[in-house]
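Dumped entry27.cif below, it's mmCIF, C-alpha atoms and all ligand atoms:
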```
data_model
loop_
_atom_site.label_atom_id
_atom_site.label_comp_id
_atom_site.auth_asym_id
_atom_site.auth_seq_id
_atom_site.Cartn_x
_atom_site.Cartn_y
_atom_site.Cartn_z
CA MET F 2 132.70 89.68 128.15
CA ARG F 3 132.63 85.91 127.71
CA THR F 4 130.17 84.39 125.24
CA ARG F 5 127.22 82.61 126.86
CA LEU F 6 125.80 79.55 125.18
CA VAL F 7 123.00 77.06 125.66
CA VAL F 8 123.69 73.93 123.61
CA GLY F 9 121.25 71.09 123.06
CA ASN F 10 122.85 67.66 122.69
CA TRP F 11 120.15 65.44 121.23
CA LYS F 12 122.42 62.36 121.37
CA MET F 13 121.04 59.29 119.51
CA ASN F 14 117.45 60.54 119.60
CA LEU F 15 114.88 61.78 117.07
CA THR F 16 114.28 60.77 113.49
CA VAL F 17 113.99 63.51 110.89
CA GLU F 18 110.33 64.48 111.37
CA PRO F 19 110.38 65.05 115.16
CA ALA F 20 113.81 66.65 114.87
CA VAL F 21 112.49 69.24 112.43
CA ALA F 22 109.41 69.82 114.60
CA LEU F 23 111.58 70.41 117.68
CA ALA F 24 113.91 72.78 115.83
CA ARG F 25 110.89 74.76 114.54
CA LEU F 26 109.42 75.15 118.04
CA VAL F 27 112.70 76.32 119.58
CA LEU F 28 113.33 78.73 116.71
CA GLU F 29 109.82 80.16 117.06
CA HIS F 30 110.49 80.84 120.74
CA VAL F 31 113.93 82.37 120.19
CA ARG F 32 112.52 84.62 117.43
CA LYS F 33 109.65 85.73 119.69
CA GLN F 34 112.07 86.66 122.48
CA GLY F 35 114.11 88.70 119.97
CA GLY F 36 117.54 90.24 120.48
CA SER F 37 118.95 87.40 122.59
CA THR F 38 122.57 87.69 123.68
CA VAL F 39 122.75 84.00 124.58
CA HIS F 40 123.94 81.84 121.69
CA THR F 41 121.63 78.88 121.17
CA VAL F 42 123.07 75.80 119.48
CA MET F 43 121.27 72.58 118.53
CA CYS F 44 123.22 69.37 117.91
CA PRO F 45 120.99 66.80 116.21
CA PRO F 46 122.23 63.34 115.19
CA PHE F 47 124.06 63.29 111.83
CA THR F 48 120.97 61.88 110.08
CA ALA F 49 118.89 64.97 110.90
CA LEU F 50 121.55 67.65 110.30
CA THR F 51 120.49 68.47 106.75
CA SER F 52 116.79 68.78 107.59
CA VAL F 53 117.39 70.80 110.75
CA ARG F 54 119.80 72.98 108.75
CA ALA F 55 116.92 73.87 106.42
CA VAL F 56 114.88 75.06 109.44
CA LEU F 57 117.74 77.06 110.99
CA ASP F 58 119.17 78.64 107.84
CA GLY F 59 119.44 82.39 108.29
CA SER F 60 118.25 82.14 111.90
CA PRO F 61 119.99 83.14 115.15
CA ILE F 62 120.29 79.47 116.21
CA ALA F 63 123.50 77.69 115.29
CA LEU F 64 123.78 74.11 114.11
CA GLY F 65 126.21 71.73 115.79
CA ALA F 66 127.26 68.11 115.35
CA GLN F 67 127.96 65.57 118.07
CA ASN F 68 131.27 64.23 116.79
CA CYS F 69 133.81 64.42 113.97
CA HIS F 70 136.80 62.45 112.75
CA PRO F 71 140.23 64.11 112.96
CA ALA F 72 141.26 63.09 109.42
CA ARG F 73 140.31 65.24 106.43
CA SER F 74 139.01 62.28 104.42
CA GLY F 75 139.83 58.70 103.60
CA ALA F 76 139.22 55.11 104.58
CA HIS F 77 137.29 55.61 107.83
CA THR F 78 134.05 53.70 107.36
CA GLY F 79 131.11 55.25 109.17
CA GLU F 80 132.93 58.43 110.16
CA VAL F 81 132.14 62.05 109.31
CA SER F 82 134.79 64.68 108.56
CA VAL F 83 134.90 68.33 109.54
CA GLU F 84 134.67 69.30 105.86
CA MET F 85 131.37 67.40 105.64
CA LEU F 86 130.03 69.21 108.71
CA ALA F 87 131.19 72.59 107.40
CA ASP F 88 129.43 71.77 104.13
CA LEU F 89 126.18 71.62 106.15
CA ARG F 90 127.14 74.93 107.78
CA CYS F 91 127.67 73.40 111.22
CA GLN F 92 129.28 76.02 113.41
CA TYR F 93 130.00 73.78 116.39
CA VAL F 94 130.94 70.19 117.09
CA ILE F 95 130.94 68.38 120.43
CA VAL F 96 134.18 66.44 121.00
CA GLY F 97 135.26 64.20 123.86
CA HIS F 98 131.82 63.61 125.32
CA SER F 99 132.20 61.14 128.18
CA GLU F 100 129.87 58.69 126.42
CA ARG F 101 132.36 58.55 123.54
CA ARG F 102 135.38 58.47 125.85
CA ARG F 103 133.71 55.45 127.49
CA ASP F 104 132.10 53.65 124.52
CA GLN F 105 134.65 54.47 121.81
CA TYR F 106 137.69 54.60 124.11
CA GLU F 107 138.50 58.16 123.07
CA THR F 108 141.69 59.46 124.69
CA ASP F 109 142.64 63.03 125.61
CA GLU F 110 145.02 62.99 122.64
CA LEU F 111 142.34 61.95 120.14
CA VAL F 112 139.92 64.52 121.58
CA ALA F 113 142.56 67.22 121.10
CA GLU F 114 143.17 66.05 117.50
CA LYS F 115 139.45 66.36 116.82
CA ALA F 116 139.38 69.85 118.34
CA VAL F 117 142.29 70.93 116.12
CA ALA F 118 140.63 69.41 113.04
CA ALA F 119 137.41 71.26 113.84
CA LEU F 120 139.14 74.61 114.30
CA THR F 121 141.19 74.10 111.14
CA GLY F 122 137.87 73.69 109.34
CA SER F 123 136.42 76.83 111.00
CA ILE F 124 134.12 74.91 113.35
CA THR F 125 134.19 75.63 117.07
CA PRO F 126 134.79 72.51 119.16
CA ILE F 127 132.87 72.09 122.40
CA VAL F 128 135.38 70.01 124.35
CA CYS F 129 133.90 67.95 127.20
CA VAL F 130 135.77 67.20 130.41
CA GLY F 131 134.61 65.77 133.73
CA GLU F 132 135.31 63.27 136.47
CA THR F 133 133.68 59.87 137.03
CA GLN F 134 131.56 58.96 140.04
CA GLN F 135 134.52 57.23 141.68
CA GLU F 136 136.87 60.16 141.10
CA HIS F 137 134.20 62.45 142.49
CA ALA F 138 133.78 60.27 145.59
CA GLU F 139 137.55 60.38 146.08
CA GLY F 140 137.47 64.18 145.97
CA ARG F 141 139.54 64.26 142.78
CA SER F 142 137.27 66.45 140.57
CA ALA F 143 139.74 69.35 140.37
CA GLU F 144 142.69 67.06 139.67
CA VAL F 145 140.85 65.24 136.85
CA VAL F 146 139.57 68.31 135.01
CA THR F 147 142.94 70.03 135.36
CA ARG F 148 144.62 66.98 133.82
CA GLN F 149 142.10 66.89 130.95
CA VAL F 150 142.34 70.62 130.20
CA ASP F 151 146.15 70.51 130.47
CA ALA F 152 146.20 67.60 128.02
CA LEU F 153 144.04 69.60 125.62
CA ILE F 154 146.40 72.58 125.85
CA ARG F 155 149.46 70.34 125.43
CA HIS F 156 148.13 68.45 122.39
CA ALA F 157 146.10 71.19 120.69
CA GLY F 158 148.16 74.23 121.68
CA ALA F 159 147.06 77.33 123.58
CA ASP F 160 146.12 79.20 120.37
CA MET F 161 143.62 76.50 119.48
CA VAL F 162 142.19 76.25 122.98
CA ARG F 163 141.59 80.01 123.02
CA ARG F 164 139.12 79.49 120.14
CA SER F 165 137.29 76.56 121.74
CA VAL F 166 134.42 76.09 124.17
CA ILE F 167 134.85 73.83 127.21
CA ALA F 168 131.98 71.88 128.77
CA TYR F 169 132.37 70.62 132.31
CA GLU F 170 130.25 67.49 132.45
CA PRO F 171 130.69 65.40 135.60
CA VAL F 172 130.08 61.85 134.38
CA TRP F 173 128.01 61.02 137.47
CA ALA F 174 125.60 63.85 136.67
CA ILE F 175 124.89 62.94 133.05
CA GLY F 176 121.41 61.53 132.57
CA THR F 177 121.08 60.67 136.26
CA GLY F 178 118.88 63.53 137.45
CA LEU F 179 121.68 64.34 139.94
CA ALA F 180 123.08 67.64 138.73
CA ALA F 181 126.16 69.06 140.43
CA THR F 182 125.33 71.58 143.12
CA PRO F 183 126.00 75.18 142.12
CA GLU F 184 128.83 75.18 144.69
CA HIS F 185 130.54 72.16 143.12
CA ALA F 186 129.98 73.50 139.61
CA GLN F 187 131.41 76.91 140.52
CA GLN F 188 134.42 75.42 142.27
CA THR F 189 135.26 73.15 139.35
CA HIS F 190 134.61 75.84 136.74
CA ALA F 191 136.94 78.15 138.65
CA THR F 192 139.61 75.41 138.57
CA ILE F 193 139.12 75.02 134.81
CA ARG F 194 139.26 78.79 134.34
CA GLN F 195 142.49 78.97 136.33
CA THR F 196 144.03 76.25 134.16
CA LEU F 197 142.91 78.09 131.01
CA HIS F 198 144.21 81.39 132.41
CA GLY F 199 147.73 79.96 132.53
CA SER F 200 147.57 79.69 128.73
CA GLY F 201 145.98 83.05 128.09
CA ALA F 202 142.62 81.37 127.48
CA ALA F 203 140.70 82.69 130.48
CA ASP F 204 137.94 84.06 128.24
CA VAL F 205 137.01 80.67 126.82
CA PRO F 206 133.35 79.95 127.63
CA VAL F 207 132.98 77.10 130.14
CA LEU F 208 129.56 75.42 130.03
CA TYR F 209 128.08 73.14 132.66
CA GLY F 210 126.45 69.86 131.57
CA GLY F 211 124.79 67.01 133.46
CA SER F 212 121.07 66.86 134.34
CA VAL F 213 120.42 70.53 133.66
CA THR F 214 116.68 71.14 134.00
CA VAL F 215 114.25 74.03 134.11
CA ASP F 216 114.42 73.82 137.91
CA ASN F 217 118.20 73.98 138.43
CA ALA F 218 119.28 76.06 135.42
CA ALA F 219 118.96 79.49 137.06
CA SER F 220 121.03 78.54 140.12
CA LEU F 221 123.78 77.08 137.90
CA PHE F 222 123.79 80.12 135.61
CA ALA F 223 124.10 82.37 138.66
CA CYS F 224 127.62 80.95 139.26
CA PRO F 225 130.16 83.51 138.08
CA ASP F 226 132.27 80.97 136.15
CA VAL F 227 129.36 79.13 134.49
CA ASP F 228 128.86 80.55 130.99
CA GLY F 229 125.92 78.43 129.92
CA ALA F 230 124.91 74.80 129.58
CA LEU F 231 125.27 71.67 127.51
CA VAL F 232 121.83 70.11 127.84
CA GLY F 233 120.94 66.50 127.04
CA GLY F 234 117.53 65.14 128.05
CA ALA F 235 115.90 68.53 128.65
CA SER F 236 116.88 69.69 125.16
CA LEU F 237 114.56 67.12 123.60
CA VAL F 238 111.45 68.96 124.80
CA ALA F 239 110.99 72.42 123.33
CA ALA F 240 109.33 73.90 126.44
CA SER F 241 112.14 72.86 128.79
CA PHE F 242 114.97 73.78 126.42
CA CYS F 243 113.40 77.19 125.80
CA ALA F 244 112.97 77.77 129.54
CA ILE F 245 116.67 76.98 130.05
CA ILE F 246 117.62 79.45 127.30
CA ASP F 247 115.44 82.06 129.02
CA ALA F 248 117.06 81.35 132.40
CA CYS F 249 120.48 81.95 130.85
CA GLU F 250 119.25 85.14 129.25
CA ARG F 251 118.01 86.44 132.60
CA GLN F 252 121.47 85.89 134.10
CA GLN F 253 123.17 88.16 131.58
CA ARG F 254 126.11 89.78 133.23
P1 LIG F 301 121.82 65.26 130.39
O1 LIG F 301 123.05 65.10 129.36
O2 LIG F 301 121.42 66.71 130.38
O3 LIG F 301 120.75 64.36 129.85
O4 LIG F 301 122.33 64.84 131.72
C1 LIG F 301 124.01 66.11 129.23
C2 LIG F 301 125.06 65.67 128.24
O5 LIG F 301 125.46 64.50 128.26
O6 LIG F 301 125.52 66.47 127.40
#
```
What would the structure in this file look like if it were written as structure tokens?
Ligand code: PGA
Amino acid sequence: MRTRLVVGNWKMNLTVEPAVALARLVLEHVRKQGGSTVHTVMCPPFTALTSVRAVLDGSPIALGAQNCHPARSGAHTGEVSVEMLADLRCQYVIVGHSERRRDQYETDELVAEKAVAALTGSITPIVCVGETQQEHAEGRSAEVVTRQVDALIRHAGADMVRRSVIAYEPVWAIGTGLAATPEHAQQTHATIRQTLHGSGAADVPVLYGGSVTVDNAASLFACPDVDGALVGGASLVAASFCAIIDACERQQR
């Protein structure tokens, strides 16, 4: 059975105090529910990792980071290495988010290098793929995600991809309130799964991301190839993030 995950991507939000408060509220809820089979992951900004770590230590919620550098160490001002994240007991790291592909000009090759660096340091990469609004309008969603996943397999190798998590995040759905329909999500996830299958990686969890809310979570989780969610805005409010975790739990297959 594939692992199901609900991951909160806090992006460049929350100073230490509200970050700790949010982590405490989510942890309280997850503990109350007890025995969850959905893996919950929270990815605060680097500046709050240590403090959130203190809240989550020994808990069922995993800590994740939002980025890493592919090099082990060295002259890379402002960057953070996998070893540094592992030192804080991060278990996951998001790589290739479309905001970084756009703002930092990250290429498929660099994203794959980061994924390999993460896995080499025993951290699971959550590799983001997804088409832009224009590509979507041109009906090229399947082509784009296939190209991105193929590039990941080519650069990182099938063995590495088998140990990763993929997040399908259509760029046009991120932060817009316009989530993909369950039909579109399912279709694209099935395409991704087929591409992964060719490399013996069909069991890799594929998360959906892009305007996931309390209202649409259940219908997205009901899709057979959707294994959870990468949640941005709605992960910043404990009540909505917890409700999304619960919706995923209810869809246990
Ligand atoms: P959103 O962001 O849920 O705010 O759309 C998702 C993401 O970018 O990971």
Report as a tab-separated table the residues of range 162-251 of chain F within 7 Å of range 11-29 of chain F, each with its shortest atom pair and distance in Å (one decimal), using all atoms listed in the file, ordered by chain and increasing residue number.
```
residue	atom	partner	partner_atom	distance
F:Gly233	CA	F:Trp11	CA	6.0
F:Ser236	CA	F:Trp11	CA	6.6
F:Leu237	CA	F:Trp11	CA	6.3
F:Ala239	CA	F:Val27	CA	5.7
F:Cys243	CA	F:Val27	CA	6.3
```
Residue neighbourhood Val205 in chain F, 9 Å, all atoms listed in the file, exclusion window fewer than 5 positions, as a PyMOL selection string: chain F and resi 3-4+162-167+194+197
Selected residue of minimal separation from ligand LIG 301 (chain F) among F:Thr48, F:Asn10, F:Ser74, F:Gln135, counting all atoms listed in the file: F:Asn10
Env of range 32-46 of chain F: 6 Å cut, atoms = all atoms listed in the file, seq-sep filter 5 positions within chain, self excluded. Answer as a PyMOL selection string. chain F and resi 5-11+62-66+250
At a cut-off of 7 Å, using all atoms listed in the file, what residues contact range 217-232 of chain F? Leave out same-chain residues fewer than 2 positions from it and give the result as a CSV table (one decimal) with C-alpha atoms, in the frame of the given file.
```csv
chain,number,residue,atom,x,y,z
F,5,ARG,CA,127.2,82.6,126.9
F,6,LEU,CA,125.8,79.6,125.2
F,7,VAL,CA,123.0,77.1,125.7
F,8,VAL,CA,123.7,73.9,123.6
F,9,GLY,CA,121.2,71.1,123.1
F,10,ASN,CA,122.8,67.7,122.7
F,168,ALA,CA,132.0,71.9,128.8
F,183,PRO,CA,126.0,75.2,142.1
F,187,GLN,CA,131.4,76.9,140.5
F,190,HIS,CA,134.6,75.8,136.7
F,191,ALA,CA,136.9,78.2,138.6
F,206,PRO,CA,133.4,80.0,127.6
F,207,VAL,CA,133.0,77.1,130.1
F,208,LEU,CA,129.6,75.4,130.0
F,209,TYR,CA,128.1,73.1,132.7
F,210,GLY,CA,126.4,69.9,131.6
F,213,VAL,CA,120.4,70.5,133.7
F,214,THR,CA,116.7,71.1,134.0
F,215,VAL,CA,114.2,74.0,134.1
F,234,GLY,CA,117.5,65.1,128.0
F,235,ALA,CA,115.9,68.5,128.6
F,236,SER,CA,116.9,69.7,125.2
F,245,ILE,CA,116.7,77.0,130.0
F,248,ALA,CA,117.1,81.4,132.4
F,249,CYS,CA,120.5,82.0,130.8
F,252,GLN,CA,121.5,85.9,134.1
```
Measuring atom to atom with only C-alpha atoms and all ligand atoms, identify which of F:Glu84, F:Glu170, F:Glu110, F:Asp151 is nearest to ligand LIG 301 (chain F).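 Of F:Glu84, F:Glu170, F:Glu110, F:Asp151, the one nearest ligand LIG 301 (chain F) is F:Glu170, counting only C-alpha atoms and all ligand atoms.
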Measuring between only C-alpha atoms and all ligand atoms, which one of F:His156, F:Asp104, F:Val172, F:Asp109 shows the shortest distance to ligand LIG 301 (chain F)?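 Smallest distance to ligand LIG 301 (chain F) is found for F:Val172.
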For Ile175 in chain F: contacts at 8 Å, all atoms listed in the file, fewer than 4 positions along chain excluded, given as a VMD selection string: chain F and resid 170 to 171 179 to 180 210 to 212
Select, from F:Asn68, F:Pro61, F:Val130, F:Gln188, the residue with the minimum atom-to-atom distance to Glu80 in chain F, counting all atoms listed in the file.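 So, comparing all the options, the nearest one is F:Asn68.
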Figure out the distance between atom O6 of ligand LIG 301 (chain F) and CA of Cys129 in chain F, please, to one decimal in Å. 8.5 Å
Thr133 in chain F proximity check over F:Ala72, F:Ala174, F:Ala119, F:Ala152, using all atoms listed in the file: winner is F:Ala174
Return the padded bounding box of range 206-222 of chain F as lines of an AutoDock Vina configuration file: axis-aligned, built from all atoms listed in the file, 3 Å added on each side, with centre and edge lengths in Å to one decimal.
```
center_x = 123.8
center_y = 73.5
center_z = 133.9
size_x = 25.1
size_y = 19.3
size_z = 18.5
```
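The closest residue to ligand LIG 301 (chain F), picked from F:Val145, F:Ala55, F:Ile95, F:Met2 and counting all atoms listed in the file, is F:Ile95.
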In Å, with one decimal, what is the gap from CA of His185 in chain F to CA of Ala143 in chain F?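 Going from CA of His185 in chain F over to CA of Ala143 in chain F, I get 10.0 Å.
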With N, CA, C and O atoms as the atom set, please write range 88-116 of chain F from the structure just given, as an mmCIF file, in the first residue's frame.
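Dumped everything to part-v5.cif:
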```cif
data_model
loop_
_atom_site.group_PDB
_atom_site.id
_atom_site.type_symbol
_atom_site.label_atom_id
_atom_site.label_comp_id
_atom_site.auth_asym_id
_atom_site.auth_seq_id
_atom_site.Cartn_x
_atom_site.Cartn_y
_atom_site.Cartn_z
ATOM 1 N N ASP F 88 20.765 17.470 10.559
ATOM 2 C CA ASP F 88 21.190 17.810 11.915
ATOM 3 C C ASP F 88 19.991 18.265 12.758
ATOM 4 O O ASP F 88 19.950 18.083 13.973
ATOM 5 N N LEU F 89 19.002 18.867 12.094
ATOM 6 C CA LEU F 89 17.775 19.312 12.792
ATOM 7 C C LEU F 89 16.701 18.220 12.746
ATOM 8 O O LEU F 89 15.545 18.470 13.059
ATOM 9 N N ARG F 90 17.097 17.060 12.296
ATOM 10 C CA ARG F 90 16.209 15.893 12.164
ATOM 11 C C ARG F 90 15.032 16.158 11.210
ATOM 12 O O ARG F 90 13.914 15.678 11.439
ATOM 13 N N CYS F 91 15.292 16.908 10.151
ATOM 14 C CA CYS F 91 14.307 17.026 9.068
ATOM 15 C C CYS F 91 14.244 15.668 8.384
ATOM 16 O O CYS F 91 15.271 15.058 8.096
ATOM 17 N N GLN F 92 13.049 15.219 8.105
ATOM 18 C CA GLN F 92 12.887 13.945 7.401
ATOM 19 C C GLN F 92 12.519 14.149 5.935
ATOM 20 O O GLN F 92 12.591 13.214 5.145
ATOM 21 N N TYR F 93 12.065 15.332 5.615
ATOM 22 C CA TYR F 93 11.641 15.639 4.241
ATOM 23 C C TYR F 93 12.206 16.984 3.812
ATOM 24 O O TYR F 93 12.486 17.852 4.654
ATOM 25 N N VAL F 94 12.322 17.158 2.505
ATOM 26 C CA VAL F 94 12.637 18.484 1.958
ATOM 27 C C VAL F 94 11.908 18.635 0.615
ATOM 28 O O VAL F 94 11.869 17.708 -0.196
ATOM 29 N N ILE F 95 11.263 19.794 0.459
ATOM 30 C CA ILE F 95 10.578 20.092 -0.804
ATOM 31 C C ILE F 95 11.642 20.554 -1.805
ATOM 32 O O ILE F 95 12.467 21.415 -1.471
ATOM 33 N N VAL F 96 11.657 19.974 -2.998
ATOM 34 C CA VAL F 96 12.579 20.463 -4.039
ATOM 35 C C VAL F 96 11.799 20.726 -5.325
ATOM 36 O O VAL F 96 10.808 20.051 -5.614
ATOM 37 N N GLY F 97 12.253 21.726 -6.062
ATOM 38 C CA GLY F 97 11.647 22.007 -7.364
ATOM 39 C C GLY F 97 10.270 22.629 -7.298
ATOM 40 O O GLY F 97 9.494 22.529 -8.265
ATOM 41 N N HIS F 98 9.956 23.300 -6.179
ATOM 42 C CA HIS F 98 8.663 23.992 -6.143
ATOM 43 C C HIS F 98 8.628 25.006 -7.285
ATOM 44 O O HIS F 98 9.638 25.642 -7.598
ATOM 45 N N SER F 99 7.446 25.175 -7.883
ATOM 46 C CA SER F 99 7.375 26.042 -9.071
ATOM 47 C C SER F 99 7.769 27.482 -8.760
ATOM 48 O O SER F 99 8.247 28.205 -9.635
ATOM 49 N N GLU F 100 7.580 27.890 -7.482
ATOM 50 C CA GLU F 100 7.997 29.260 -7.139
ATOM 51 C C GLU F 100 9.516 29.391 -7.235
ATOM 52 O O GLU F 100 10.026 30.443 -7.612
ATOM 53 N N ARG F 101 10.236 28.325 -6.904
ATOM 54 C CA ARG F 101 11.700 28.355 -7.026
ATOM 55 C C ARG F 101 12.128 28.140 -8.482
ATOM 56 O O ARG F 101 13.098 28.736 -8.939
ATOM 57 N N ARG F 102 11.409 27.293 -9.198
ATOM 58 C CA ARG F 102 11.741 27.122 -10.627
ATOM 59 C C ARG F 102 11.606 28.472 -11.331
ATOM 60 O O ARG F 102 12.408 28.817 -12.190
ATOM 61 N N ARG F 103 10.577 29.246 -10.911
ATOM 62 C CA ARG F 103 10.329 30.547 -11.534
ATOM 63 C C ARG F 103 11.276 31.642 -10.997
ATOM 64 O O ARG F 103 11.937 32.321 -11.769
ATOM 65 N N ASP F 104 11.368 31.768 -9.680
ATOM 66 C CA ASP F 104 12.122 32.887 -9.091
ATOM 67 C C ASP F 104 13.630 32.651 -9.083
ATOM 68 O O ASP F 104 14.408 33.589 -9.182
ATOM 69 N N GLN F 105 14.026 31.385 -8.894
ATOM 70 C CA GLN F 105 15.464 31.086 -8.821
ATOM 71 C C GLN F 105 15.938 30.344 -10.069
ATOM 72 O O GLN F 105 17.039 29.810 -10.080
ATOM 73 N N TYR F 106 15.113 30.283 -11.068
ATOM 74 C CA TYR F 106 15.476 29.653 -12.357
ATOM 75 C C TYR F 106 15.981 28.220 -12.166
ATOM 76 O O TYR F 106 16.956 27.804 -12.790
ATOM 77 N N GLU F 107 15.335 27.467 -11.287
ATOM 78 C CA GLU F 107 15.785 26.093 -11.067
ATOM 79 C C GLU F 107 15.380 25.215 -12.251
ATOM 80 O O GLU F 107 14.233 25.242 -12.693
ATOM 81 N N THR F 108 16.324 24.444 -12.727
ATOM 82 C CA THR F 108 16.079 23.555 -13.875
ATOM 83 C C THR F 108 15.761 22.147 -13.379
ATOM 84 O O THR F 108 16.022 21.803 -12.222
ATOM 85 N N ASP F 109 15.244 21.305 -14.284
ATOM 86 C CA ASP F 109 14.977 19.905 -13.950
ATOM 87 C C ASP F 109 16.251 19.227 -13.434
ATOM 88 O O ASP F 109 16.216 18.406 -12.522
ATOM 89 N N GLU F 110 17.381 19.587 -14.047
ATOM 90 C CA GLU F 110 18.648 18.957 -13.671
ATOM 91 C C GLU F 110 19.052 19.330 -12.243
ATOM 92 O O GLU F 110 19.430 18.473 -11.446
ATOM 93 N N LEU F 111 18.914 20.613 -11.910
ATOM 94 C CA LEU F 111 19.257 21.064 -10.558
ATOM 95 C C LEU F 111 18.303 20.430 -9.534
ATOM 96 O O LEU F 111 18.732 19.991 -8.460
ATOM 97 N N VAL F 112 17.032 20.355 -9.885
ATOM 98 C CA VAL F 112 16.040 19.757 -8.981
ATOM 99 C C VAL F 112 16.415 18.292 -8.708
ATOM 100 O O VAL F 112 16.375 17.829 -7.562
ATOM 101 N N ALA F 113 16.825 17.589 -9.764
ATOM 102 C CA ALA F 113 17.235 16.185 -9.592
ATOM 103 C C ALA F 113 18.484 16.096 -8.720
ATOM 104 O O ALA F 113 18.591 15.213 -7.857
ATOM 105 N N GLU F 114 19.426 17.020 -8.895
ATOM 106 C CA GLU F 114 20.652 17.026 -8.064
ATOM 107 C C GLU F 114 20.294 17.213 -6.592
ATOM 108 O O GLU F 114 20.872 16.594 -5.705
ATOM 109 N N LYS F 115 19.322 18.093 -6.347
ATOM 110 C CA LYS F 115 18.892 18.331 -4.966
ATOM 111 C C LYS F 115 18.236 17.076 -4.389
ATOM 112 O O LYS F 115 18.441 16.738 -3.225
ATOM 113 N N ALA F 116 17.427 16.406 -5.218
ATOM 114 C CA ALA F 116 16.752 15.184 -4.759
ATOM 115 C C ALA F 116 17.790 14.122 -4.393
ATOM 116 O O ALA F 116 17.687 13.454 -3.355
#
```
